[in-house]
>>> print(open('structure_37.tsv').read())   # TSV, C-alpha atoms and all ligand atoms
chain	number	residue	atom	x	y	z
D	574	MET	CA	-22.87	2.74	-3.70
D	575	SER	CA	-22.00	5.21	-0.89
D	576	LEU	CA	-19.36	4.15	1.62
D	577	SER	CA	-21.77	3.91	4.54
D	578	LEU	CA	-24.33	1.92	2.50
D	579	ARG	CA	-21.59	-0.46	1.37
D	580	LYS	CA	-20.35	-0.88	4.95
D	581	THR	CA	-23.89	-1.56	6.14
D	582	THR	CA	-24.42	-4.13	3.37
D	583	GLU	CA	-21.12	-5.81	4.24
D	584	TRP	CA	-22.06	-5.87	7.93
D	585	MET	CA	-25.43	-7.46	7.19
D	586	SER	CA	-23.82	-10.01	4.88
D	587	PHE	CA	-21.30	-10.89	7.58
D	588	ALA	CA	-24.03	-11.15	10.20
D	589	LEU	CA	-26.21	-13.36	8.00
D	590	CYS	CA	-23.76	-15.59	6.21
D	591	ASN	CA	-20.21	-14.79	7.35
D	592	HIS	CA	-19.23	-13.28	3.97
D	593	LYS	CA	-18.83	-9.68	2.79
D	594	GLN	CA	-21.21	-10.44	-0.09
D	595	VAL	CA	-24.28	-12.64	0.14
D	596	GLY	CA	-23.36	-14.07	-3.28
D	597	ALA	CA	-20.12	-15.47	-1.84
D	598	PHE	CA	-22.20	-17.62	0.55
D	599	PHE	CA	-24.01	-19.25	-2.37
D	600	GLU	CA	-20.95	-19.41	-4.63
D	601	PRO	CA	-20.03	-23.10	-4.00
D	602	LEU	CA	-23.62	-24.16	-4.68
D	603	ILE	CA	-23.94	-22.08	-7.86
D	604	GLN	CA	-20.52	-23.22	-9.09
D	605	SER	CA	-21.59	-26.86	-8.85
D	606	TYR	CA	-24.08	-26.05	-11.69
D	607	LEU	CA	-22.20	-23.17	-13.36
D	608	PRO	CA	-18.47	-23.77	-12.75
D	609	GLY	CA	-17.47	-20.67	-14.73
D	610	TRP	CA	-19.47	-18.36	-12.44
D	611	THR	CA	-17.91	-16.33	-9.62
D	612	VAL	CA	-18.95	-13.48	-7.38
D	613	ASN	CA	-15.45	-11.99	-7.20
D	614	GLY	CA	-12.42	-12.11	-9.46
D	615	PHE	CA	-12.43	-14.34	-12.53
D	616	ARG	CA	-12.81	-18.01	-13.44
D	617	ALA	CA	-10.67	-19.92	-15.91
D	618	GLN	CA	-11.10	-23.29	-17.54
D	619	ILE	CA	-8.13	-25.67	-17.49
D	620	LYS	CA	-7.20	-26.48	-21.09
D	621	ASP	CA	-4.02	-28.43	-20.47
D	622	ILE	CA	-1.74	-29.72	-17.71
D	623	GLY	CA	1.79	-30.65	-18.75
D	624	ARG	CA	5.06	-31.51	-17.09
D	625	GLU	CA	8.11	-29.45	-18.14
D	626	SER	CA	10.54	-31.43	-15.96
D	627	GLY	CA	10.45	-33.75	-12.94
D	628	SER	CA	9.21	-31.04	-10.57
D	629	VAL	CA	7.87	-28.32	-12.89
D	630	VAL	CA	4.36	-28.28	-14.32
D	631	SER	CA	2.58	-25.92	-16.69
D	632	LEU	CA	-1.13	-25.18	-16.59
D	633	THR	CA	-2.80	-23.72	-19.66
D	634	LEU	CA	-5.90	-21.76	-18.70
D	635	ARG	CA	-8.62	-19.99	-20.62
D	636	PRO	CA	-9.81	-17.09	-18.42
D	637	ASP	CA	-13.40	-15.91	-18.75
D	638	GLN	CA	-14.10	-13.06	-21.15
D	639	SER	CA	-14.13	-10.37	-18.48
D	640	TRP	CA	-10.44	-11.00	-17.70
D	641	GLN	CA	-8.41	-8.05	-18.97
D	642	GLY	CA	-5.20	-9.70	-20.22
D	643	PHE	CA	-1.66	-9.07	-18.98
D	644	GLN	CA	1.71	-7.55	-19.69
D	645	ALA	CA	4.68	-9.87	-20.21
D	646	GLY	CA	6.36	-10.52	-16.86
D	647	GLN	CA	3.21	-10.25	-14.72
D	648	TYR	CA	1.71	-12.92	-12.46
D	649	ILE	CA	-1.74	-13.93	-11.29
D	650	ASN	CA	-3.11	-15.19	-7.99
D	651	LEU	CA	-4.60	-18.63	-8.54
D	652	THR	CA	-7.17	-19.97	-6.07
D	653	VAL	CA	-7.91	-23.67	-5.80
D	654	GLU	CA	-9.97	-25.67	-3.34
D	655	ILE	CA	-8.12	-28.44	-1.53
D	656	ASN	CA	-9.99	-30.52	1.05
D	657	GLY	CA	-12.65	-27.84	1.37
D	658	ALA	CA	-10.19	-24.98	1.95
D	659	LYS	CA	-9.65	-22.24	-0.64
D	660	LEU	CA	-5.94	-21.63	-1.04
D	661	THR	CA	-4.36	-18.87	-3.10
D	662	ARG	CA	-0.85	-18.74	-4.51
D	663	CYS	CA	0.70	-16.46	-7.10
D	664	PHE	CA	2.31	-17.82	-10.25
D	665	SER	CA	4.02	-16.11	-13.17
D	666	ILE	CA	2.71	-16.36	-16.69
D	667	SER	CA	5.19	-18.04	-19.04
D	668	SER	CA	3.29	-17.45	-22.30
D	669	SER	CA	3.16	-14.23	-24.28
D	670	PRO	CA	0.45	-11.57	-24.51
D	671	GLU	CA	0.29	-12.33	-28.25
D	672	THR	CA	-0.60	-15.98	-27.50
D	673	TYR	CA	-3.39	-14.71	-25.26
D	674	ARG	CA	-4.65	-12.43	-28.05
D	675	MET	CA	-4.56	-15.30	-30.55
D	676	THR	CA	-5.88	-18.19	-28.43
D	677	GLY	CA	-7.44	-16.66	-25.31
D	678	THR	CA	-5.17	-18.83	-23.14
D	679	VAL	CA	-2.37	-18.19	-20.65
D	680	ARG	CA	0.22	-20.68	-19.42
D	681	LEU	CA	1.42	-20.73	-15.82
D	682	THR	CA	4.63	-22.58	-15.03
D	683	ILE	CA	5.10	-23.79	-11.48
D	684	ARG	CA	7.83	-25.60	-9.54
D	685	GLU	CA	6.46	-28.03	-6.97
D	686	GLN	CA	7.66	-27.05	-3.50
D	687	ASP	CA	8.87	-29.99	-1.37
D	688	GLN	CA	6.93	-28.90	1.70
D	689	GLY	CA	4.14	-27.19	-0.23
D	690	VAL	CA	0.42	-27.87	0.03
D	691	VAL	CA	-0.75	-26.30	-3.23
D	692	THR	CA	2.02	-26.80	-5.78
D	693	PRO	CA	2.42	-30.61	-5.44
D	694	TRP	CA	-1.37	-30.93	-5.65
D	695	LEU	CA	-1.84	-28.99	-8.90
D	696	ALA	CA	-0.63	-31.67	-11.32
D	697	THR	CA	-2.75	-34.42	-9.79
D	698	GLY	CA	-5.67	-32.56	-8.19
D	699	LEU	CA	-6.71	-30.51	-11.24
D	700	LYS	CA	-8.37	-32.01	-14.28
D	701	LYS	CA	-8.60	-30.78	-17.87
D	702	GLY	CA	-11.93	-29.06	-18.38
D	703	GLY	CA	-12.19	-28.13	-14.69
D	704	TYR	CA	-12.20	-24.57	-13.37
D	705	VAL	CA	-10.03	-22.46	-11.06
D	706	SER	CA	-10.35	-18.89	-9.79
D	707	LEU	CA	-7.84	-16.25	-10.68
D	708	SER	CA	-7.13	-12.58	-10.11
D	709	ALA	CA	-6.41	-9.85	-12.62
D	710	ALA	CA	-2.78	-9.85	-13.72
D	711	CYS	CA	-0.52	-8.00	-11.29
D	712	GLY	CA	3.11	-7.06	-10.79
D	713	GLU	CA	5.51	-4.39	-11.95
D	714	PHE	CA	8.21	-6.69	-13.29
D	715	VAL	CA	7.50	-5.76	-16.90
D	716	VAL	CA	9.70	-4.75	-19.84
D	717	GLN	CA	10.36	-1.01	-20.14
D	718	ARG	CA	9.84	0.19	-23.71
D	719	ASN	CA	12.73	2.64	-23.62
D	720	GLY	CA	14.83	1.68	-26.65
D	721	VAL	CA	17.90	0.44	-24.75
D	722	PRO	CA	19.61	-2.99	-24.88
D	723	LYS	CA	18.41	-5.53	-22.36
D	724	VAL	CA	20.23	-8.18	-20.33
D	725	PHE	CA	18.05	-10.86	-18.73
D	726	ILE	CA	19.46	-12.99	-15.93
D	727	ALA	CA	17.36	-15.97	-14.84
D	728	ALA	CA	17.92	-18.93	-12.57
D	729	GLY	CA	15.84	-22.12	-12.49
D	730	VAL	CA	12.09	-21.57	-12.71
D	731	GLY	CA	12.82	-17.82	-12.58
D	732	ILE	CA	12.89	-18.13	-16.38
D	733	THR	CA	9.06	-18.13	-16.34
D	734	PRO	CA	8.29	-14.40	-16.52
D	735	ILE	CA	11.44	-13.81	-18.58
D	736	LEU	CA	10.29	-16.29	-21.24
D	737	SER	CA	7.07	-14.28	-21.53
D	738	MET	CA	9.08	-11.05	-21.84
D	739	LEU	CA	11.44	-12.48	-24.48
D	740	SER	CA	8.51	-13.84	-26.52
D	741	ASP	CA	6.87	-10.43	-26.34
D	742	LEU	CA	10.06	-8.68	-27.48
D	743	VAL	CA	10.21	-11.00	-30.50
D	744	ASP	CA	6.52	-10.36	-31.24
D	745	GLN	CA	7.11	-6.60	-30.99
D	746	GLY	CA	10.12	-6.72	-33.33
D	747	GLU	CA	12.69	-5.53	-30.76
D	748	SER	CA	15.69	-4.10	-32.64
D	749	LYS	CA	18.14	-3.47	-29.75
D	750	PRO	CA	20.53	-6.20	-28.51
D	751	VAL	CA	18.94	-8.65	-26.09
D	752	LYS	CA	21.05	-11.04	-23.99
D	753	LEU	CA	19.84	-13.89	-21.78
D	754	LEU	CA	22.01	-15.56	-19.14
D	755	TYR	CA	20.03	-18.57	-17.98
D	756	TYR	CA	21.52	-20.36	-15.04
D	757	GLY	CA	20.41	-23.80	-13.83
D	758	SER	CA	21.09	-27.51	-13.60
D	759	ASP	CA	18.31	-28.26	-16.07
D	760	HIS	CA	17.03	-25.59	-18.43
D	761	LEU	CA	13.30	-25.29	-18.85
D	762	PHE	CA	11.84	-24.35	-22.24
D	763	ARG	CA	15.19	-24.85	-23.95
D	764	SER	CA	13.73	-25.46	-27.40
D	765	GLU	CA	11.22	-22.61	-27.08
D	766	LEU	CA	14.04	-20.25	-26.05
D	767	SER	CA	16.29	-21.47	-28.87
D	768	ALA	CA	13.48	-20.78	-31.37
D	769	LEU	CA	13.18	-17.21	-30.05
D	770	GLU	CA	16.95	-16.73	-30.31
D	771	SER	CA	16.93	-18.01	-33.89
D	772	ALA	CA	14.08	-15.67	-34.80
D	773	LYS	CA	16.14	-12.52	-34.10
D	774	SER	CA	19.78	-11.91	-35.01
D	775	ASN	CA	20.10	-9.34	-32.19
D	776	PHE	CA	19.11	-11.95	-29.55
D	777	SER	CA	21.78	-14.08	-27.92
D	778	PHE	CA	21.13	-16.62	-25.17
D	779	ASP	CA	23.57	-18.53	-22.94
D	780	PHE	CA	22.54	-21.60	-20.97
D	781	LEU	CA	24.88	-21.84	-17.97
D	782	ASN	CA	25.19	-24.97	-15.94
D	783	THR	CA	25.06	-24.72	-12.16
D	784	ARG	CA	27.18	-27.84	-11.78
D	785	GLU	CA	30.00	-26.29	-13.80
D	786	SER	CA	29.70	-22.68	-12.75
D	787	GLY	CA	28.95	-23.17	-9.05
D	788	TYR	CA	26.25	-21.43	-7.13
D	789	PHE	CA	25.58	-17.72	-6.88
D	790	ASP	CA	28.40	-16.38	-4.78
D	791	ARG	CA	29.68	-12.91	-5.57
D	792	GLU	CA	32.73	-14.10	-7.50
D	793	THR	CA	30.68	-16.37	-9.76
D	794	VAL	CA	28.19	-13.65	-10.59
D	795	GLN	CA	30.95	-11.09	-11.17
D	796	ARG	CA	32.68	-13.46	-13.56
D	797	LEU	CA	29.45	-14.19	-15.41
D	798	LEU	CA	28.65	-10.56	-15.96
D	799	GLU	CA	32.16	-9.71	-17.16
D	800	GLN	CA	32.17	-12.69	-19.46
D	801	TYR	CA	28.68	-12.44	-20.86
D	802	ALA	CA	27.66	-8.79	-20.84
D	803	PRO	CA	30.20	-7.19	-23.18
D	804	GLU	CA	30.54	-3.57	-24.35
D	805	GLN	CA	27.91	-3.80	-27.09
D	806	PHE	CA	25.40	-3.77	-24.25
D	807	GLU	CA	26.10	-0.17	-23.47
D	808	LYS	CA	23.95	0.98	-20.58
D	809	PRO	CA	21.45	-1.88	-20.81
D	810	ASP	CA	18.47	-2.46	-18.58
D	811	TYR	CA	18.90	-5.57	-16.42
D	812	TYR	CA	16.00	-7.91	-15.62
D	813	ILE	CA	16.75	-10.50	-12.95
D	814	CYS	CA	14.54	-13.33	-11.71
D	815	GLY	CA	15.52	-16.22	-9.46
D	816	PRO	CA	16.22	-17.08	-5.84
D	817	GLY	CA	16.72	-14.24	-3.36
D	818	GLU	CA	20.44	-14.75	-2.82
D	819	MET	CA	21.14	-14.70	-6.56
D	820	ILE	CA	19.19	-11.48	-7.01
D	821	THR	CA	20.86	-9.84	-4.03
D	822	SER	CA	24.33	-10.76	-5.37
D	823	VAL	CA	23.62	-9.63	-8.92
D	824	GLU	CA	21.97	-6.39	-7.82
D	825	GLN	CA	24.86	-5.49	-5.52
D	826	ILE	CA	27.49	-6.27	-8.14
D	827	LEU	CA	25.65	-4.19	-10.74
D	828	LYS	CA	25.36	-1.27	-8.34
D	829	ASP	CA	29.05	-1.59	-7.38
D	830	SER	CA	29.86	-1.46	-11.11
D	831	GLY	CA	28.05	1.86	-11.43
D	832	VAL	CA	24.73	0.67	-12.89
D	833	SER	CA	22.03	3.05	-11.74
D	834	PRO	CA	19.24	1.43	-9.69
D	835	GLU	CA	16.56	2.52	-12.22
D	836	ARG	CA	18.18	0.18	-14.76
D	837	ILE	CA	17.90	-2.88	-12.47
D	838	HIS	CA	14.54	-4.68	-12.40
D	839	PHE	CA	14.02	-7.87	-10.46
D	840	GLU	CA	11.51	-10.30	-9.06
D	841	PHE	CA	12.20	-12.74	-6.25
D	842	PHE	CA	11.17	-16.27	-7.03
D	843	GLY	CA	10.38	-19.20	-4.78
D	844	VAL	CA	10.25	-19.21	-1.02
D	845	PRO	CA	12.59	-16.57	0.36
D	846	ARG	CA	15.53	-17.65	2.48
D	847	ALA	CA	15.06	-16.79	6.13
D	848	LEU	CA	17.90	-14.79	7.65
D	849	ASP	CA	18.97	-15.16	11.24
D	850	VAL	CA	17.12	-12.51	13.16
D	851	GLN	CA	19.27	-9.76	14.58
D	852	VAL	CA	19.76	-9.82	18.33
D	853	SER	CA	17.49	-7.31	20.01
D	854	GLU	CA	19.30	-4.26	21.39
D	855	SER	CA	17.58	-4.79	24.70
D	856	GLY	CA	19.18	-8.24	24.88
D	857	GLN	CA	15.85	-10.05	25.32
D	858	ALA	CA	16.12	-13.80	25.24
D	859	SER	CA	12.78	-14.10	23.48
D	860	ARG	CA	10.27	-11.84	21.75
D	861	ALA	CA	6.53	-11.59	22.02
D	862	VAL	CA	4.24	-11.23	19.01
D	863	ALA	CA	0.86	-9.85	20.04
D	864	PHE	CA	-2.25	-9.81	17.85
D	865	SER	CA	-4.41	-6.87	18.87
D	866	GLN	CA	-7.73	-7.93	17.33
D	867	THR	CA	-7.74	-11.50	18.55
D	868	GLN	CA	-5.93	-10.78	21.83
D	869	ALA	CA	-3.56	-13.67	21.12
D	870	GLU	CA	0.11	-13.51	22.04
D	871	VAL	CA	2.97	-15.81	21.05
D	872	SER	CA	6.42	-16.06	22.59
D	873	VAL	CA	9.16	-16.45	19.98
D	874	GLU	CA	12.28	-18.10	21.33
D	875	PRO	CA	15.86	-17.36	20.19
D	876	GLY	CA	16.67	-19.38	17.09
D	877	ASP	CA	13.03	-19.46	15.97
D	878	ARG	CA	13.26	-18.35	12.32
D	879	ARG	CA	9.55	-18.31	11.53
D	880	THR	CA	8.04	-15.38	9.67
D	881	LEU	CA	5.18	-13.37	11.14
D	882	LEU	CA	2.84	-15.23	8.79
D	883	GLU	CA	4.01	-18.59	10.13
D	884	ILE	CA	3.82	-17.34	13.71
D	885	ALA	CA	0.25	-16.11	13.18
D	886	GLU	CA	-0.74	-19.42	11.56
D	887	GLY	CA	0.92	-21.28	14.42
D	888	ALA	CA	-1.33	-19.30	16.77
D	889	GLY	CA	-4.42	-20.53	14.92
D	890	LEU	CA	-4.98	-17.34	12.92
D	891	ASN	CA	-5.58	-17.36	9.20
D	892	PRO	CA	-4.19	-14.12	7.74
D	893	VAL	CA	-4.94	-13.36	4.10
D	894	HIS	CA	-1.95	-14.32	1.98
D	895	GLY	CA	-1.00	-15.40	-1.52
D	896	CYS	CA	2.52	-16.18	-2.70
D	897	ARG	CA	4.27	-16.50	0.68
D	898	ALA	CA	7.31	-15.11	-1.12
D	899	GLY	CA	7.10	-11.33	-0.79
D	900	VAL	CA	5.66	-10.77	-4.24
D	901	CYS	CA	1.89	-10.33	-4.15
D	902	HIS	CA	1.50	-8.08	-1.05
D	903	GLN	CA	-1.72	-9.87	-0.09
D	904	CYS	CA	-0.32	-10.51	3.37
D	905	SER	CA	0.30	-6.81	4.10
D	906	CYS	CA	-0.81	-6.06	7.64
D	907	ARG	CA	-0.53	-3.07	9.95
D	908	LYS	CA	2.23	-3.34	12.51
D	909	LEU	CA	1.30	-1.27	15.52
D	910	GLY	CA	4.71	-1.35	17.17
D	911	GLY	CA	8.04	-3.17	17.43
D	912	ARG	CA	10.79	-3.78	14.91
D	913	VAL	CA	10.78	-6.43	12.19
D	914	GLN	CA	13.44	-7.65	9.79
D	915	ASN	CA	12.74	-8.12	6.08
D	916	ILE	CA	14.19	-11.56	5.28
D	917	LEU	CA	14.73	-10.68	1.62
D	918	THR	CA	16.75	-7.54	2.19
D	919	GLY	CA	17.90	-7.92	5.80
D	920	GLN	CA	16.57	-4.41	6.48
D	921	VAL	CA	15.26	-3.77	9.99
D	922	SER	CA	12.27	-1.46	10.40
D	923	ASP	CA	11.92	1.14	13.09
D	924	GLY	CA	9.52	0.59	15.95
D	925	GLY	CA	6.63	2.71	14.64
D	926	ALA	CA	3.33	1.78	13.05
D	927	GLU	CA	3.51	0.78	9.37
D	928	LEU	CA	2.36	-1.84	6.88
D	929	VAL	CA	4.52	-4.97	6.80
D	930	GLN	CA	4.44	-8.08	4.62
D	931	LEU	CA	3.89	-10.91	7.08
D	932	CYS	CA	5.41	-13.60	4.86
D	933	ILE	CA	8.83	-11.96	4.67
D	934	SER	CA	9.07	-10.35	8.11
D	935	GLN	CA	10.53	-11.74	11.29
D	936	PRO	CA	10.19	-10.09	14.70
D	937	VAL	CA	13.32	-8.43	16.08
D	938	ASP	CA	11.67	-7.01	19.24
D	939	ASP	CA	8.29	-7.49	20.81
D	940	VAL	CA	5.88	-6.79	17.96
D	941	GLU	CA	2.18	-5.99	17.91
D	942	LEU	CA	0.08	-6.61	14.80
D	943	ALA	CA	-3.46	-5.49	13.95
D	944	LEU	CA	-4.66	-9.05	13.45
D	1001	LIG	S1	1.81	-13.61	0.72
D	1001	LIG	FE1	2.44	-12.64	-1.11
D	1001	LIG	S2	3.69	-11.01	-0.34
D	1001	LIG	FE2	3.19	-12.13	1.41
>>> encode(input="structure_37.tsv", output="structure tokens", more="lines below")
Ligand code: FES
Amino acid sequence: MSLSLRKTTEWMSFALCNHKQVGAFFEPLIQSYLPGWTVNGFRAQIKDIGRESGSVVSLTLRPDQSWQGFQAGQYINLTVEINGAKLTRCFSISSSPETYRMTGTVRLTIREQDQGVVTPWLATGLKKGGYVSLSAACGEFVVQRNGVPKVFIAAGVGITPILSMLSDLVDQGESKPVKLLYYGSDHLFRSELSALESAKSNFSFDFLNTRESGYFDRETVQRLLEQYAPEQFEKPDYYICGPGEMITSVEQILKDSGVSPERIHFEFFGVPRALDVQVSESGQASRAVAFSQTQAEVSVEPGDRRTLLEIAEGAGLNPVHGCRAGVCHQCSCRKLGGRVQNILTGQVSDGGAELVQLCISQPVDDVELAL
């Protein structure tokens, strides 16, 4: 379809039924008879819902046959309907590609967020045999097949994509040394991980207890790496997954120890920690966030640590988003002017136009967004 024809079709669909595709308007009705049908993306049937620990659940899904599979370490965007609203969040796959090939199923493992809307609902709101919508697999946190040793560092539910990667390495007959440092107060999938370790003599896993080792300050991480990543792991690749502060500490320590950035792979997990916004150079007491398309404007007072996504939602807007954690990029939006701070890295942008991720950006100056 040519671009102009597609645009015209989209415009007519919007004018007639407030959707880019007419099929999307009829989707809820059709799905009440054919729950596996969708106009966009993919549908998956829920095969199992299980609890891994007090606050962690796993969903086993069978995606429809048009779904293309995944690489170990990737995630999907899952869309569910709660009280009539479609809500999308991204979740990592904890099962292996081989399991998908053998059974046609994938397992998502999810920690319930205290303040969350979607994650606490999943275990009770979904039923076996029901259907959810999902995206193709996405993400670049995947194992590099480069024949070097690998050190995996996981914390808490950050083990999820790493479990998939380790299973895949076992399935692929990895011959180089593989080390796992798994840090947490309770260790998910302990028996599954132990079975993987037993399957390969070159695999060695350590389960480290947060209560004994303390949290992820620089000294703790430094000690862990010295203690648990010995010389046999000459020039390994590092794969890190966990909370933002743990990743930041580990990454910095590795770089300070001379590890080249190409060897460090990571994925932030959970809701990122908001940093205190830097004081504006102009000394403004408050900042204004303006939304050019809706003509809305919000004043952000000093001490307000909301992200641009939260500010937009507070103003009654409904920007597209997924993970709310800086992973899926669904919330990317054009900033027309003003500086923002990335709450994962602390980096402050310049004042020019660029794409920003709303869920991990806070305004430093007056900011204008194309929303
Ligand atoms: S919502 Fe996923 S990166 Fe912002």
>>> residues_near_ligand(input="structure_37.tsv", ligand="ligand LIG 1001 (chain D)", cutoff="6 Å", atoms="only C-alpha atoms and all ligand atoms", output="PyMOL selection string")
chain D and resi 894-904+930-932
>>> residues_around(input="structure_37.tsv", residues="Ser872 (chain D)", least_positions_apart="3", cutoff="7 Å", atoms="all atoms listed in the file", output="PyMOL selection string")
chain D and resi 859-862
>>> atom_distance(input="structure_37.tsv", atom1="CA of Asp759 (chain D)", atom2="CA of Val730 (chain D)")
9.7 Å
>>> closest_residue(input="structure_37.tsv", among="D:Glu671, D:Asp829, D:Asp810, D:Glu747", to="Val715 (chain D)", atoms="only C-alpha atoms")
D:Asp810
>>> closest_atom_pairs(input="structure_37.tsv", of="region 599-644 of chain D", to="region 676-686 of chain D", cutoff="12 Å", atoms="all atoms listed in the file", output="CSV")
residue,atom,partner,partner_atom,distance
D:Ala617,CA,D:Thr678,CA,9.1
D:Gln618,CA,D:Thr678,CA,9.3
D:Ile619,CA,D:Thr678,CA,9.4
D:Lys620,CA,D:Thr678,CA,8.2
D:Asp621,CA,D:Arg680,CA,8.9
D:Ile622,CA,D:Arg680,CA,9.4
D:Gly623,CA,D:Thr682,CA,9.3
D:Arg624,CA,D:Thr682,CA,9.2
D:Glu625,CA,D:Thr682,CA,8.3
D:Ser626,CA,D:Arg684,CA,9.1
D:Gly627,CA,D:Glu685,CA,9.2
D:Ser628,CA,D:Glu685,CA,5.4
D:Val629,CA,D:Arg684,CA,4.3
D:Val630,CA,D:Ile683,CA,5.4
D:Ser631,CA,D:Thr682,CA,4.3
D:Leu632,CA,D:Leu681,CA,5.2
D:Thr633,CA,D:Arg680,CA,4.3
D:Leu634,CA,D:Thr678,CA,5.4
D:Arg635,CA,D:Thr678,CA,4.4
D:Pro636,CA,D:Thr678,CA,6.8
D:Asp637,CA,D:Gly677,CA,8.9
D:Gln638,CA,D:Gly677,CA,8.6
D:Ser639,CA,D:Gly677,CA,11.4
D:Trp640,CA,D:Gly677,CA,9.9
D:Gln641,CA,D:Gly677,CA,10.7
D:Gly642,CA,D:Gly677,CA,8.9
D:Phe643,CA,D:Val679,CA,9.3
D:Gln644,CA,D:Val679,CA,11.4
>>> residues_near_point(input="structure_37.tsv", point="(13.8, 1.2, -28.5)", cutoff="12 Å", atoms="all atoms listed in the file", output="list in words")
Val716, Gln717, Arg718, Asn719, Gly720, Val721, Pro722, Lys723, Leu742, Gln745, Gly746, Glu747, Ser748, Lys749, Pro750, Val751, Pro809 and Asp810 of chain D
>>> axis_aligned_box(input="structure_37.tsv", around="region 647-663 of chain D", padding_each_side="3 Å", output="lines of an AutoDock Vina configuration file")
center_x = -4.7
center_y = -20.4
center_z = -6.4
size_x = 21.9
size_y = 26.3
size_z = 22.7
>>> closest_residue(input="structure_37.tsv", among="D:Glu840, D:Pro875, D:Ser922, D:Leu781", to="Gln647 (chain D)", atoms="all atoms listed in the file")
D:Glu840
>>> closest_residue(input="structure_37.tsv", among="D:Ile884, D:Val871, D:Leu944, D:Ser706", to="Thr661 (chain D)", atoms="only C-alpha atoms")
D:Ser706
>>> closest_residue(input="structure_37.tsv", among="D:Leu881, D:Leu660, D:Glu874, D:Thr918", to="Glu824 (chain D)", atoms="only C-alpha atoms")
D:Thr918
>>> build_atoms(input="structure_37.tsv", residues="region 885-900 of chain D", atoms="N, CA and C atoms", output="compact mmCIF listing (two decimals), in the coordinates of the input")
# COMPACT_ATOMS: atom_id res chain seq x y z
N ALA D 885 1.70 -16.32 13.06
CA ALA D 885 0.25 -16.11 13.18
C ALA D 885 -0.50 -17.42 12.90
N GLU D 886 -0.07 -18.14 11.87
CA GLU D 886 -0.74 -19.42 11.56
C GLU D 886 -0.56 -20.42 12.70
N GLY D 887 0.64 -20.39 13.29
CA GLY D 887 0.92 -21.28 14.42
C GLY D 887 0.01 -20.97 15.61
N ALA D 888 -0.45 -19.71 15.67
CA ALA D 888 -1.33 -19.30 16.77
C ALA D 888 -2.81 -19.55 16.42
N GLY D 889 -3.04 -20.20 15.29
CA GLY D 889 -4.42 -20.53 14.92
C GLY D 889 -5.10 -19.44 14.11
N LEU D 890 -4.37 -18.40 13.73
CA LEU D 890 -4.98 -17.34 12.92
C LEU D 890 -4.83 -17.72 11.45
N ASN D 891 -5.61 -17.03 10.62
CA ASN D 891 -5.58 -17.36 9.20
C ASN D 891 -5.46 -16.08 8.38
N PRO D 892 -4.30 -15.39 8.46
CA PRO D 892 -4.19 -14.12 7.74
C PRO D 892 -4.30 -14.31 6.24
N VAL D 893 -4.86 -13.31 5.57
CA VAL D 893 -4.94 -13.36 4.10
C VAL D 893 -3.51 -13.41 3.56
N HIS D 894 -3.27 -14.27 2.61
CA HIS D 894 -1.95 -14.32 1.98
C HIS D 894 -2.07 -14.94 0.60
N GLY D 895 -1.01 -14.80 -0.18
CA GLY D 895 -1.00 -15.40 -1.52
C GLY D 895 0.27 -16.19 -1.73
N CYS D 896 1.30 -15.50 -2.23
CA CYS D 896 2.52 -16.18 -2.70
C CYS D 896 3.41 -16.73 -1.60
N ARG D 897 3.36 -16.18 -0.43
CA ARG D 897 4.27 -16.50 0.68
C ARG D 897 5.73 -16.22 0.30
N ALA D 898 5.95 -15.35 -0.64
CA ALA D 898 7.31 -15.11 -1.12
C ALA D 898 7.62 -13.62 -1.29
N GLY D 899 6.80 -12.76 -0.74
CA GLY D 899 7.10 -11.33 -0.79
C GLY D 899 6.74 -10.65 -2.09
N VAL D 900 5.94 -11.32 -2.92
CA VAL D 900 5.66 -10.77 -4.24
C VAL D 900 4.28 -10.10 -4.32
